[in-house]
Every structure is written in structure tokens, then in C-alpha cells.
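Novice: Dropping in entry26.cif, which is mmCIF, C-alpha atoms:
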data_structure
#
loop_
_atom_site.label_atom_id
_atom_site.label_comp_id
_atom_site.auth_asym_id
_atom_site.auth_seq_id
_atom_site.Cartn_x
_atom_site.Cartn_y
_atom_site.Cartn_z
CA MET Q 1 128.55 149.27 -32.53
CA TYR Q 2 126.83 149.57 -29.17
CA SER Q 3 126.36 153.30 -28.87
CA PHE Q 4 123.77 155.96 -28.90
CA GLU Q 5 123.23 157.25 -32.40
CA LYS Q 6 123.56 160.93 -31.58
CA GLY Q 7 126.73 160.47 -29.59
CA GLN Q 8 125.00 160.53 -26.21
CA ARG Q 9 126.40 158.29 -23.55
CA PRO Q 10 124.04 155.60 -22.29
CA LEU Q 11 123.06 155.62 -18.62
CA ASN Q 12 125.45 153.60 -16.46
CA PRO Q 13 123.88 150.11 -16.08
CA TYR Q 14 124.93 149.85 -12.40
CA LEU Q 15 123.14 153.11 -11.62
CA ALA Q 16 120.07 152.23 -13.72
CA GLY Q 17 119.91 148.81 -12.04
CA ALA Q 18 120.32 150.23 -8.54
CA ILE Q 19 117.49 152.73 -9.11
CA THR Q 20 115.37 149.85 -10.46
CA GLY Q 21 115.97 147.90 -7.25
CA GLY Q 22 114.69 150.87 -5.25
CA LEU Q 23 111.78 151.27 -7.65
CA VAL Q 24 110.65 147.68 -7.03
CA ALA Q 25 110.77 148.28 -3.27
CA LEU Q 26 108.77 151.49 -3.68
CA SER Q 27 106.17 149.65 -5.76
CA VAL Q 28 105.87 146.92 -3.12
CA VAL Q 29 105.41 149.45 -0.33
CA ALA Q 30 102.84 151.49 -2.25
CA THR Q 31 100.79 148.73 -3.89
CA GLY Q 32 102.19 145.37 -2.75
CA LYS Q 33 103.17 144.56 -6.35
CA PHE Q 34 106.46 142.99 -7.42
CA PHE Q 35 107.64 143.31 -11.05
CA GLY Q 36 106.60 140.64 -13.54
CA ALA Q 37 105.72 140.55 -17.23
CA SER Q 38 104.88 137.11 -18.60
CA THR Q 39 101.47 136.59 -16.97
CA THR Q 40 100.04 139.35 -19.16
CA PHE Q 41 100.92 137.35 -22.28
CA ALA Q 42 99.06 134.34 -20.81
CA ARG Q 43 96.05 136.58 -20.19
CA GLY Q 44 96.41 137.87 -23.75
CA GLY Q 45 96.32 134.27 -24.97
CA ALA Q 46 93.12 133.72 -23.00
CA ALA Q 47 91.58 136.77 -24.71
CA LEU Q 48 92.63 135.47 -28.14
CA VAL Q 49 91.17 131.98 -27.59
CA ASN Q 50 87.95 133.38 -26.15
CA MET Q 51 87.58 135.63 -29.18
CA ILE Q 52 87.93 132.68 -31.58
CA SER Q 53 86.01 130.06 -29.58
CA PRO Q 54 84.59 130.84 -26.13
CA GLU Q 55 83.58 127.17 -25.61
CA HIS Q 56 87.13 126.00 -26.21
CA GLY Q 57 88.51 128.77 -23.98
CA ALA Q 58 86.22 127.64 -21.18
CA SER Q 59 87.56 124.08 -21.49
CA LEU Q 60 91.17 125.10 -20.81
CA ASP Q 61 92.13 124.84 -17.13
CA TYR Q 62 95.07 127.19 -17.52
CA PHE Q 63 92.89 130.03 -18.79
CA ALA Q 64 90.46 129.45 -15.92
CA LYS Q 65 93.46 130.21 -13.69
CA TYR Q 66 94.66 133.14 -15.81
CA PRO Q 67 91.62 134.68 -17.54
CA PHE Q 68 91.97 137.94 -19.44
CA ALA Q 69 92.04 140.83 -16.97
CA VAL Q 70 93.00 144.48 -16.99
CA ASP Q 71 95.26 144.24 -13.95
CA TRP Q 72 98.32 145.86 -12.37
CA GLN Q 73 100.73 144.05 -14.68
CA LEU Q 74 98.98 145.14 -17.89
CA PHE Q 75 99.22 148.79 -16.78
CA PHE Q 76 102.85 148.18 -15.79
CA LEU Q 77 103.66 146.92 -19.30
CA VAL Q 78 101.81 149.84 -20.92
CA GLY Q 79 103.92 152.06 -18.68
CA ILE Q 80 107.15 150.42 -19.90
CA PHE Q 81 106.05 151.05 -23.49
CA ILE Q 82 105.24 154.70 -22.79
CA GLY Q 83 108.46 155.26 -20.82
CA SER Q 84 110.62 153.77 -23.54
CA LEU Q 85 108.76 155.65 -26.28
CA LEU Q 86 109.13 158.99 -24.47
CA SER Q 87 112.75 158.38 -23.55
CA SER Q 88 113.83 157.27 -27.04
CA THR Q 89 111.92 160.12 -28.69
CA VAL Q 90 113.46 162.72 -26.40
CA ASN Q 91 117.03 161.46 -26.77
CA GLY Q 92 116.70 160.83 -30.50
CA THR Q 93 117.23 157.06 -30.42
CA PHE Q 94 113.74 156.13 -31.61
CA PHE Q 95 113.74 154.57 -35.04
CA VAL Q 96 111.59 151.94 -36.70
CA ASP Q 97 113.71 148.89 -37.44
CA ALA Q 98 113.11 145.15 -37.79
CA VAL Q 99 116.66 143.80 -38.04
CA PRO Q 100 119.10 144.46 -35.17
CA GLU Q 101 122.70 145.33 -36.00
CA LEU Q 102 124.27 142.16 -34.61
CA TRP Q 103 121.79 140.01 -36.56
CA ARG Q 104 122.41 142.03 -39.76
CA GLU Q 105 126.17 141.50 -39.57
CA ARG Q 106 125.74 137.75 -39.27
CA PHE Q 107 122.61 136.95 -41.32
CA GLY Q 108 122.05 139.95 -43.59
CA ALA Q 109 119.46 142.71 -43.72
CA ARG Q 110 116.47 140.71 -45.02
CA THR Q 111 113.45 141.24 -42.80
CA TRP Q 112 111.60 137.92 -43.07
CA PRO Q 113 114.24 135.58 -41.63
CA ARG Q 114 114.56 137.90 -38.62
CA LEU Q 115 110.80 138.22 -38.07
CA CYS Q 116 110.22 134.44 -38.37
CA THR Q 117 113.00 133.81 -35.84
CA ALA Q 118 111.54 136.43 -33.51
CA PHE Q 119 108.09 134.82 -33.77
CA LEU Q 120 109.46 131.34 -33.03
CA GLY Q 121 111.52 132.80 -30.17
CA GLY Q 122 108.41 134.49 -28.77
CA ILE Q 123 106.52 131.19 -28.72
CA LEU Q 124 109.35 129.45 -26.82
CA VAL Q 125 109.83 132.42 -24.46
CA ALA Q 126 106.18 132.42 -23.39
CA PHE Q 127 105.92 128.64 -23.22
CA GLY Q 128 109.07 128.43 -21.12
CA ALA Q 129 108.13 131.35 -18.89
CA ARG Q 130 104.66 129.95 -18.16
CA MET Q 131 106.10 126.51 -17.48
CA ALA Q 132 108.80 127.92 -15.17
CA GLY Q 133 106.22 130.22 -13.55
CA GLY Q 134 107.91 133.50 -14.49
CA CYS Q 135 110.37 135.44 -16.64
CA PRO Q 136 113.54 137.47 -15.89
CA SER Q 137 111.33 140.13 -14.24
CA GLY Q 138 109.26 137.82 -12.05
CA HIS Q 139 111.85 135.15 -11.25
CA GLY Q 140 114.99 137.16 -12.00
CA LEU Q 141 114.43 140.56 -10.41
CA SER Q 142 111.51 139.99 -8.02
CA GLY Q 143 112.28 136.36 -7.16
CA MET Q 144 116.01 136.83 -6.57
CA MET Q 145 115.61 139.98 -4.45
CA GLN Q 146 113.21 138.08 -2.19
CA LEU Q 147 115.79 135.27 -2.07
CA SER Q 148 113.15 132.88 -3.39
CA MET Q 149 114.57 129.50 -4.37
CA SER Q 150 112.54 129.42 -7.63
CA GLY Q 151 114.25 132.68 -8.63
CA PHE Q 152 117.76 131.25 -8.20
CA VAL Q 153 116.89 128.01 -10.06
CA SER Q 154 114.97 129.64 -12.91
CA LEU Q 155 117.39 132.49 -13.56
CA ALA Q 156 120.25 129.98 -13.81
CA ALA Q 157 118.19 127.87 -16.24
CA PHE Q 158 117.34 130.95 -18.37
CA PHE Q 159 121.04 131.65 -18.85
CA VAL Q 160 121.99 127.99 -19.44
CA GLY Q 161 119.42 127.71 -22.27
CA GLY Q 162 120.20 131.17 -23.62
CA VAL Q 163 123.99 130.92 -23.63
CA ALA Q 164 123.89 127.46 -25.27
CA MET Q 165 121.44 128.49 -27.99
CA ALA Q 166 123.17 131.83 -28.68
CA ARG Q 167 126.40 129.87 -29.28
CA ILE Q 168 124.58 127.56 -31.69
CA ILE Q 169 122.97 130.47 -33.56
CA TYR Q 170 126.05 132.68 -33.80
CA GLY Q 171 128.81 130.07 -33.66
CA ARG Q 172 132.19 130.70 -32.11
CA SER Q 173 133.31 134.26 -32.54
CA MET F 1 92.52 153.68 -9.62
CA PHE F 2 95.54 154.49 -7.43
CA VAL F 3 96.99 151.04 -8.13
CA SER F 4 96.55 151.48 -11.89
CA ILE F 5 98.21 154.90 -11.92
CA MET F 6 101.06 153.59 -9.75
CA ALA F 7 101.47 150.67 -12.18
CA LEU F 8 101.67 153.05 -15.16
CA VAL F 9 104.14 155.38 -13.44
CA THR F 10 106.29 152.51 -12.14
CA GLY F 11 106.34 150.95 -15.60
CA ALA F 12 107.19 154.26 -17.25
CA VAL F 13 110.14 154.92 -14.91
CA PHE F 14 111.35 151.34 -15.45
CA GLY F 15 110.95 151.85 -19.22
CA VAL F 16 113.02 155.05 -19.17
CA LEU F 17 115.75 153.37 -17.07
CA MET F 18 115.92 150.37 -19.41
CA GLN F 19 115.87 152.54 -22.52
CA ARG F 20 118.56 154.94 -21.29
CA SER F 21 120.86 152.12 -20.17
CA GLU F 22 120.29 150.23 -23.46
CA VAL F 23 119.23 146.97 -21.78
CA LEU F 24 116.29 146.88 -24.23
CA ARG F 25 118.62 146.32 -27.15
CA TYR F 26 118.80 142.99 -28.99
CA ASP F 27 122.56 143.55 -29.29
CA ARG F 28 122.92 143.91 -25.51
CA GLN F 29 120.82 140.84 -24.76
CA LEU F 30 122.64 138.64 -27.28
CA GLY F 31 125.88 140.25 -26.13
CA ALA F 32 125.26 138.82 -22.68
CA LEU F 33 124.27 135.38 -23.99
CA LEU F 34 127.43 135.35 -26.14
CA LEU F 35 129.39 136.45 -23.03
CA GLU F 36 130.72 139.54 -24.82
CA ASP F 37 128.73 142.41 -23.28
CA MET F 38 127.53 142.22 -19.70
CA THR F 39 125.38 145.38 -19.62
CA ILE F 40 122.17 143.50 -18.82
CA VAL F 41 123.88 141.37 -16.17
CA LYS F 42 125.26 144.52 -14.49
CA PHE F 43 121.77 146.02 -14.56
CA MET F 44 120.06 142.91 -13.19
CA LEU F 45 122.56 142.17 -10.42
CA SER F 46 122.59 145.81 -9.26
CA ALA F 47 118.79 145.78 -9.14
CA ILE F 48 118.73 142.47 -7.25
CA VAL F 49 121.29 143.52 -4.62
CA VAL F 50 119.75 146.95 -3.95
CA GLY F 51 116.25 145.49 -4.12
CA SER F 52 117.03 142.69 -1.66
CA VAL F 53 118.49 145.15 0.87
CA CYS F 54 115.41 147.40 0.56
CA ILE F 55 112.88 144.55 0.64
CA TYR F 56 114.38 142.78 3.67
CA ALA F 57 114.87 146.07 5.52
CA LEU F 58 111.21 146.96 4.86
CA LEU F 59 110.19 143.43 5.83
CA GLY F 60 111.99 143.89 9.13
CA MET F 61 109.99 147.07 9.73
CA GLY F 62 106.78 145.22 8.87
CA LEU F 63 106.03 147.50 5.91
CA VAL F 64 105.92 144.84 3.18
CA SER F 65 105.16 141.17 2.82
CA LEU F 66 106.93 138.78 0.46
CA SER F 67 105.30 137.28 -2.62
CA ILE F 68 107.10 134.00 -3.24
CA LYS F 69 106.49 131.70 -6.20
CA SER F 70 106.42 127.95 -5.71
CA THR F 71 109.65 126.10 -6.37
CA VAL F 72 109.05 123.09 -8.62
CA LEU F 73 112.52 122.03 -9.72
CA GLY F 74 111.27 120.13 -12.81
CA THR F 75 109.22 122.95 -14.33
CA ASN F 76 111.62 125.69 -13.16
CA LEU F 77 114.56 123.95 -14.84
CA VAL F 78 112.89 122.61 -18.01
CA GLY F 79 110.73 125.71 -18.50
CA GLY F 80 113.72 127.90 -17.72
CA VAL F 81 115.89 126.25 -20.37
CA VAL F 82 113.05 126.43 -22.94
CA PHE F 83 112.72 130.13 -22.08
CA GLY F 84 116.47 130.58 -22.54
CA ILE F 85 116.42 128.92 -25.98
CA GLY F 86 113.57 131.22 -27.04
CA TRP F 87 115.39 134.22 -25.54
CA ALA F 88 118.42 133.54 -27.78
CA PHE F 89 116.15 133.38 -30.85
CA LEU F 90 114.11 136.46 -29.96
CA GLY F 91 116.75 138.60 -28.26
CA TYR F 92 114.23 140.10 -25.84
CA CYS F 93 112.43 138.82 -22.75
CA PRO F 94 108.73 139.66 -22.14
CA GLY F 95 109.40 142.97 -20.34
CA THR F 96 112.21 144.19 -22.60
CA ALA F 97 110.21 143.27 -25.74
CA VAL F 98 107.52 145.76 -24.69
CA GLY F 99 110.21 148.39 -24.09
CA ALA F 100 111.97 147.62 -27.38
CA LEU F 101 108.67 148.12 -29.19
CA GLY F 102 108.55 151.55 -27.51
CA GLU F 103 111.82 152.50 -29.22
CA GLY F 104 110.49 151.30 -32.58
CA LYS F 105 111.67 147.70 -32.88
CA VAL F 106 109.30 145.73 -35.12
CA ASP F 107 110.94 142.37 -34.38
CA ALA F 108 110.01 142.85 -30.70
CA LEU F 109 106.35 143.32 -31.71
CA VAL F 110 106.43 140.10 -33.75
CA GLY F 111 108.04 138.38 -30.75
CA MET F 112 105.19 139.61 -28.52
CA ILE F 113 102.63 138.15 -30.95
CA GLY F 114 104.63 134.91 -30.77
CA MET F 115 104.41 135.09 -26.96
CA VAL F 116 100.61 135.21 -27.08
CA PHE F 117 100.63 132.11 -29.30
CA GLY F 118 103.17 130.45 -26.99
CA ALA F 119 100.87 131.07 -24.03
CA VAL F 120 97.96 129.47 -25.94
CA LEU F 121 100.16 126.48 -26.77
CA PHE F 122 101.08 126.19 -23.09
CA ALA F 123 97.41 126.34 -22.06
CA GLU F 124 96.60 123.57 -24.58
CA LEU F 125 99.38 121.37 -23.20
CA TYR F 126 98.84 122.36 -19.55
CA PRO F 127 97.35 119.03 -18.40
CA PHE F 128 100.43 117.31 -19.84
CA THR F 129 103.06 119.61 -18.29
CA LYS F 130 101.21 119.75 -14.97
CA LEU F 131 100.76 116.02 -14.44
CA SER F 132 103.77 114.56 -16.14
CA LEU F 133 107.34 113.88 -15.15
CA PHE F 134 108.14 117.61 -15.25
CA SER F 135 106.52 118.39 -11.93
CA TRP F 136 109.13 116.63 -9.80
CA GLY F 137 110.88 118.46 -7.00
CA ASN F 138 107.91 120.39 -5.67
CA ILE F 139 109.36 122.15 -2.64
CA GLY F 140 106.65 124.80 -2.29
CA LYS F 141 107.00 128.51 -1.62
CA VAL F 142 110.44 128.66 -0.05
CA THR F 143 113.21 131.21 0.21
CA MET F 144 116.87 130.26 0.39
CA PRO F 145 117.15 131.41 4.04
CA GLY F 146 113.94 129.55 4.91
CA PHE F 147 115.04 126.36 3.16
CA THR F 148 118.51 126.31 4.70
CA GLY F 149 117.51 127.67 8.12
CA THR F 150 119.84 130.66 7.88
CA GLY F 151 119.30 134.40 8.19
CA PRO F 152 118.51 136.49 5.10
CA TRP F 153 121.37 138.96 5.59
CA ILE F 154 124.00 136.25 5.13
CA TRP F 155 122.45 135.57 1.71
CA ILE F 156 122.22 139.26 0.82
CA ILE F 157 125.85 139.85 1.79
CA GLY F 158 126.78 136.74 -0.21
CA LEU F 159 124.85 137.99 -3.25
CA ALA F 160 126.50 141.40 -2.98
CA ALA F 161 129.94 139.79 -2.73
CA VAL F 162 129.32 137.58 -5.79
CA ALA F 163 127.99 140.59 -7.70
CA ALA F 164 131.01 142.71 -6.72
CA GLY F 165 133.37 139.92 -7.84
CA LEU F 166 131.60 139.62 -11.19
CA PHE F 167 131.54 143.41 -11.66
CA PHE F 168 135.32 143.49 -11.03
CA LEU F 169 135.85 140.75 -13.65
CA PHE F 170 133.53 142.45 -16.17
CA GLU F 171 135.28 145.81 -15.83
CA ARG F 172 138.77 144.29 -15.97
CA ASN F 173 137.90 142.43 -19.16
CA ASP F 174 135.96 145.34 -20.64
CA LEU F 175 132.75 143.32 -21.00
#
As a first step, turn the structure in this file into C-alpha cells.
Specialist:
Amino acid sequence: MYSFEKGQRPLNPYLAGAITGGLVALSVVATGKFFGASTTFARGGAALVNMISPEHGASLDYFAKYPFAVDWQLFFLVGIFIGSLLSSTVNGTFFVDAVPELWRERFGARTWPRLCTAFLGGILVAFGARMAGGCPSGHGLSGMMQLSMSGFVSLAAFFVGGVAMARIIYGRS
Amino acid sequence: MFVSIMALVTGAVFGVLMQRSEVLRYDRQLGALLLEDMTIVKFMLSAIVVGSVCIYALLGMGLVSLSIKSTVLGTNLVGGVVFGIGWAFLGYCPGTAVGALGEGKVDALVGMIGMVFGAVLFAELYPFTKLSLFSWGNIGKVTMPGFTGTGPWIWIIGLAAVAAGLFFLFERNDL
């Protein structure tokens, strides 16, 4: 169920994680930037609102704090996309799909229920991340490795909410 | 220019690492939340332990400075739980959604569109979440060593020990 389609073995998660830890440190030394991802979605929201109604966009305090900007984090996310695209193309695991295997086994192969759930999930993810001040990259990886208290508190809360809701969605196995 | 290229390269390496170790997969993320597959937890804890050693060593040499977010217990906890609920629905977090899109997952793209709408919703409600009962427990930009008046290495050794204990349990139970 959880395996590479062409029989390749996935990279050991301990090794991949350890290299990632070093990669964050390298990034901080070179550019002073810690990993994060959710701010870009806030800046994307600012761009969307300003496209529809610039006057309304200007009235929102939060978008004054996080206006649309082509910044480090946007390039970082584009990099993640490119890296994953290259990697999956090279190892033959790229395929266009809307319904993950685990979901299909439980709820069937229909696309719309999955996409609606993903959209709703996306709304909650961004709302929660902006309220908490970060996501598993910013609070989880970067926050925890700096021993920041907000990282410890937020990462625990992410898992509390996630484990509880996953149980409700999938039931007892 | 240099910063932008570094950001792209750093992101690309991170993307390859996440793709090759399968942490981008919905099945892996839900696997962790259902406590059946700990791949993403192994990845995260390894990154945190190695990263903390590197960061605090570099800090000691004066080569880096920390970038700490404010601790506001109310918003960290309530926002964190809301995030977690959304995470279980979506099956990706903001960074892994971008990576999952890179390996062709359409549901991740729809989730990212949802995230933009979620950010707009948050901006609309910002005066409410900022001023209301959620903003209790504002402790400021603190680290665990700073807050407790202890040295960082005690915490790093503690983190490594907890991680090692969990890794032992995961491997013994084939998670």
C-alpha cells in the first residue's frame, strides 16, 4: 500500500530528516532564513483581495501586515514544487491523481467528495496556521529546532487536532 | 538575487528529500494522524534534533541569530487545533501540499486554493481573533531555555533522548 510504484525503495525518513535539519542550518547561515510556508498563502490572499477590491484590501489590517510580496518564502515554495516534480519524474512516481489510496479504500473513487474535503481542509489549515502564527514548517521544524516555546505548544496542538479529527473521519480501524 | 536563488535551491533540495522519503503523501500524513505510520514523525524529529544541534552550535560561534515567534498560548493552542482539524481533512500541510502538487496530486492543488481563501477569511476576522479572549497567555518571544533559565544543551539532549525513545518504539511496533 505504501510503496513506490516501480518497486524502488523510498529514502529512509531518518536520513531524509537529518539532511533536512542540516539544510535548514545551511539556509540560516547563508541567508538568515528559517523554513516556513504558511505566510505565502496569506500573501496570496492579499493578492486575491486586492485584485477583486483594492479598497477593501486596504481596509484589512492583516493584509497591511502581510501584503503580497515576491519574497524568500515564495521562491522557497516554488523550489519545493520544482524539486518534487523533478524527483517524481525521474523516479517514475509522478502521476496525476485526485483521490489518494487510503481515501479511496474508505470513501470510494469519486473525485468531488475528495476535492470538497480538501478545499474545506485547506481553509481550516490556513486559518489555523495564521492564527497560531505558523505551520509544521515554521513552528514545527524551525520553531522546535530553535527551542522556541511557541513551536512546542503549536506542534502539540497540531497533532491533538489532527489525531482527533482523523479518528472521527476514519473511525476506529 | 543571491537570496532568491538560495531560496529556490533550498526549496528544491527539500522538495526532493520530501518526495523521495514519501512524506508528501496523503497516506503517510493520515497514517501518522491515525497512529499507524510514523514516517512523517521520524522525518520531523530527525530534522529537529539535527537542526537544533547545528543551530545552537552555529549560535555559539556567532554565525547565526535566532528568529523566534511570539508565544501567545491562546492563539497557538486554538489556532493549532484548528490547523490540526484542517490537516486531517486535507491530508497535507502548506509545505507538503506544494510538494504533493509537484508529484501530480490534484487534491493538494485544491487544498492550496482553499488555503488562500482561509487566509482571506482570517484577515476578515483578524480584529476579532486579535482582540478577543484568544489572545491570552502572551509570553512574548521566548525559548524554552530562556523561559526556564536553563542551558540549551540540556533541552537538545532531552529532545534527542525523547526522539530516540520514540524511534525505538516505532521500529519495534513496525510503525
Novice: Excluding Val72 of chain F and its own-chain neighbours fewer than 2 positions away, which residues fall within 6 Å of it when counting all atoms listed in the file? Please give them as a PyMOL selection string.
Specialist: chain F and resi 74-76+137-138
Novice: Step by step, work through what the PyMOL selection byres ((chain F and resi 36-51) around 6) selects in the shown file, and finish by giving those residues as a list in words.
Specialist: Pro13, Tyr14, Gly17, Ala18, Thr20, Gly21, Gly22, Leu141 and Met145 of chain Q; Val23, Gly31, Ala32, Leu34, Leu35, Ser52, Val53, Cys54, Ile55, Ala160 and Leu175 of chain F
Novice: Could you list, as an NGL selection string, every residue within 9 Å of segment 110-114 of chain F, counting only C-alpha atoms and ignoring same-chain residues fewer than 2 positions away?
Specialist: (:Q and (41 or 115-126)) or (:F and (90 or 92 or 94 or 97-98 or 106-108 or 116-119))
Novice: For atom CA of Phe134 of chain F and atom CA of Thr71 of chain F, determine how far apart the two atoms are, in Å to one decimal place.
Specialist: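 Pair atom CA of Phe134 of chain F / atom CA of Thr71 of chain F returns 12.4 Å.
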Novice: Care to translate the PyMOL selection byres ((chain F and resi 3-15) around 10) into actual residues of this file, as JSON, numbers by chain?
Specialist: {"Q": [16, 17, 19, 20, 23, 24, 26, 27, 30, 31, 32, 33, 35, 70, 71, 72, 73, 74, 75, 76, 77, 78, 79, 80, 81, 82, 83, 84, 85, 86, 87, 88], "F": [1, 2, 16, 17, 18, 19, 20, 21, 23, 24, 95, 96, 98, 99, 100, 102]}
Novice: Write out, as a compact mmCIF listing (two decimals), in the frame of the given file, the residues just selected, with C-alpha atoms.
Specialist:
# COMPACT_ATOMS: atom_id res chain seq x y z
CA ALA Q 16 120.07 152.23 -13.72
CA GLY Q 17 119.91 148.81 -12.04
CA ILE Q 19 117.49 152.73 -9.11
CA THR Q 20 115.37 149.85 -10.46
CA LEU Q 23 111.78 151.27 -7.65
CA VAL Q 24 110.65 147.68 -7.03
CA LEU Q 26 108.77 151.49 -3.68
CA SER Q 27 106.17 149.65 -5.76
CA ALA Q 30 102.84 151.49 -2.25
CA THR Q 31 100.79 148.73 -3.89
CA GLY Q 32 102.19 145.37 -2.75
CA LYS Q 33 103.17 144.56 -6.35
CA PHE Q 35 107.64 143.31 -11.05
CA VAL Q 70 93.00 144.48 -16.99
CA ASP Q 71 95.26 144.24 -13.95
CA TRP Q 72 98.32 145.86 -12.37
CA GLN Q 73 100.73 144.05 -14.68
CA LEU Q 74 98.98 145.14 -17.89
CA PHE Q 75 99.22 148.79 -16.78
CA PHE Q 76 102.85 148.18 -15.79
CA LEU Q 77 103.66 146.92 -19.30
CA VAL Q 78 101.81 149.84 -20.92
CA GLY Q 79 103.92 152.06 -18.68
CA ILE Q 80 107.15 150.42 -19.90
CA PHE Q 81 106.05 151.05 -23.49
CA ILE Q 82 105.24 154.70 -22.79
CA GLY Q 83 108.46 155.26 -20.82
CA SER Q 84 110.62 153.77 -23.54
CA LEU Q 85 108.76 155.65 -26.28
CA LEU Q 86 109.13 158.99 -24.47
CA SER Q 87 112.75 158.38 -23.55
CA SER Q 88 113.83 157.27 -27.04
CA MET F 1 92.52 153.68 -9.62
CA PHE F 2 95.54 154.49 -7.43
CA VAL F 16 113.02 155.05 -19.17
CA LEU F 17 115.75 153.37 -17.07
CA MET F 18 115.92 150.37 -19.41
CA GLN F 19 115.87 152.54 -22.52
CA ARG F 20 118.56 154.94 -21.29
CA SER F 21 120.86 152.12 -20.17
CA VAL F 23 119.23 146.97 -21.78
CA LEU F 24 116.29 146.88 -24.23
CA GLY F 95 109.40 142.97 -20.34
CA THR F 96 112.21 144.19 -22.60
CA VAL F 98 107.52 145.76 -24.69
CA GLY F 99 110.21 148.39 -24.09
CA ALA F 100 111.97 147.62 -27.38
CA GLY F 102 108.55 151.55 -27.51
Novice: Give the answer as one residue: which of F:Gly86, F:Gly80, F:Gly91, F:Gly62 has the shortest atom-to-atom distance to Trp103 of chain Q, using only C-alpha atoms?
Specialist: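 Using only C-alpha atoms, the shortest distance to Trp103 of chain Q belongs to F:Gly91.
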Novice: Given the choices Q:Phe152, Q:Phe127, Q:Tyr170, Q:Tyr66, which gets closest to chain F if the distance is worked out from all atoms listed in the file?
Specialist: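 Ranked by minimum distance to chain F, first place goes to Q:Phe127.
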Novice: Need to verify the contact set: Gly140 of chain Q, 6 Å, only C-alpha atoms, exclusion of same-chain residues closer than 3 positions in sequence. Can you return it as number ranges by chain?
Specialist: Q: 136-137, 143-144, 151, 155
Novice: Report, in Å to a single decimal, how far apart atom CA of Gln146 of chain Q and atom CA of Leu66 of chain F are.
Specialist: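 Going from atom CA of Leu66 of chain F over to atom CA of Gln146 of chain Q covers 6.9 Å.
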Novice: Using atom CA of Gly79 of chain F and atom CA of Val64 of chain F as the two end points, give the distance in Å to one decimal.
Specialist: 29.3 Å
Novice: With all atoms listed in the file as the basis for distance, which of Q:Gly161, Q:Gly57, Q:Pro113, Q:Gly36 is at the shortest distance from chain F?
Specialist: Q:Gly161
Novice: I would like the residues chosen by the PyMOL selection byres ((chain Q and resi 68) around 12) on the shown file; could you give them as a list in words?
Specialist: Thr39, Thr40, Phe41, Ala42, Arg43, Gly44, Gly45, Ala46, Ala47, Leu48, Val49, Asn50, Met51, Gly57, Ala58, Tyr62, Phe63, Ala64, Lys65, Tyr66, Pro67, Ala69, Val70, Asp71, Gln73 and Leu74 of chain Q; Val116 of chain F
Novice: I need the residue nearest chain F from this list: Q:Ile52, Q:Val90, Q:Ala98, Q:Ile168. Use all atoms listed in the file for the distance.
Specialist: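 Nearest candidate to chain F out of Q:Ile52, Q:Val90, Q:Ala98, Q:Ile168: Q:Ala98.
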Novice: Could you pull out every residue with an atom within 8 Å of (107.9, 133.0, -3.3), file coordinates, counting all atoms listed in the file, and send them as an mmCIF file with C-alpha atoms, in the coordinates of the input?
Specialist:
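Result written to point09.cif:
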data_model
loop_
_atom_site.group_PDB
_atom_site.id
_atom_site.type_symbol
_atom_site.label_atom_id
_atom_site.label_comp_id
_atom_site.auth_asym_id
_atom_site.auth_seq_id
_atom_site.Cartn_x
_atom_site.Cartn_y
_atom_site.Cartn_z
ATOM 1 C CA GLY Q 143 112.280 136.360 -7.160
ATOM 2 C CA GLN Q 146 113.210 138.080 -2.190
ATOM 3 C CA SER Q 148 113.150 132.880 -3.390
ATOM 4 C CA MET Q 149 114.570 129.500 -4.370
ATOM 5 C CA SER Q 150 112.540 129.420 -7.630
ATOM 6 C CA LEU F 66 106.930 138.780 0.460
ATOM 7 C CA SER F 67 105.300 137.280 -2.620
ATOM 8 C CA ILE F 68 107.100 134.000 -3.240
ATOM 9 C CA LYS F 69 106.490 131.700 -6.200
ATOM 10 C CA SER F 70 106.420 127.950 -5.710
ATOM 11 C CA THR F 71 109.650 126.100 -6.370
ATOM 12 C CA LYS F 141 107.000 128.510 -1.620
ATOM 13 C CA VAL F 142 110.440 128.660 -0.050
ATOM 14 C CA THR F 143 113.210 131.210 0.210
#
Novice: For each of Q:Gly162, Q:Arg110, Q:Asp61, Q:Ile169, take the minimum atom-to-atom distance to chain F, counting all atoms listed in the file, then give the residue where this is smallest.
Specialist: Q:Gly162
Novice: Taking all atoms listed in the file into account, name the residue in Q:Leu147, Q:Ala37, Q:Leu102, Q:Cys135 that is nearest to Thr150 of chain F.
Specialist: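 Answer, going by the shortest atom-to-atom distance: Q:Leu147.
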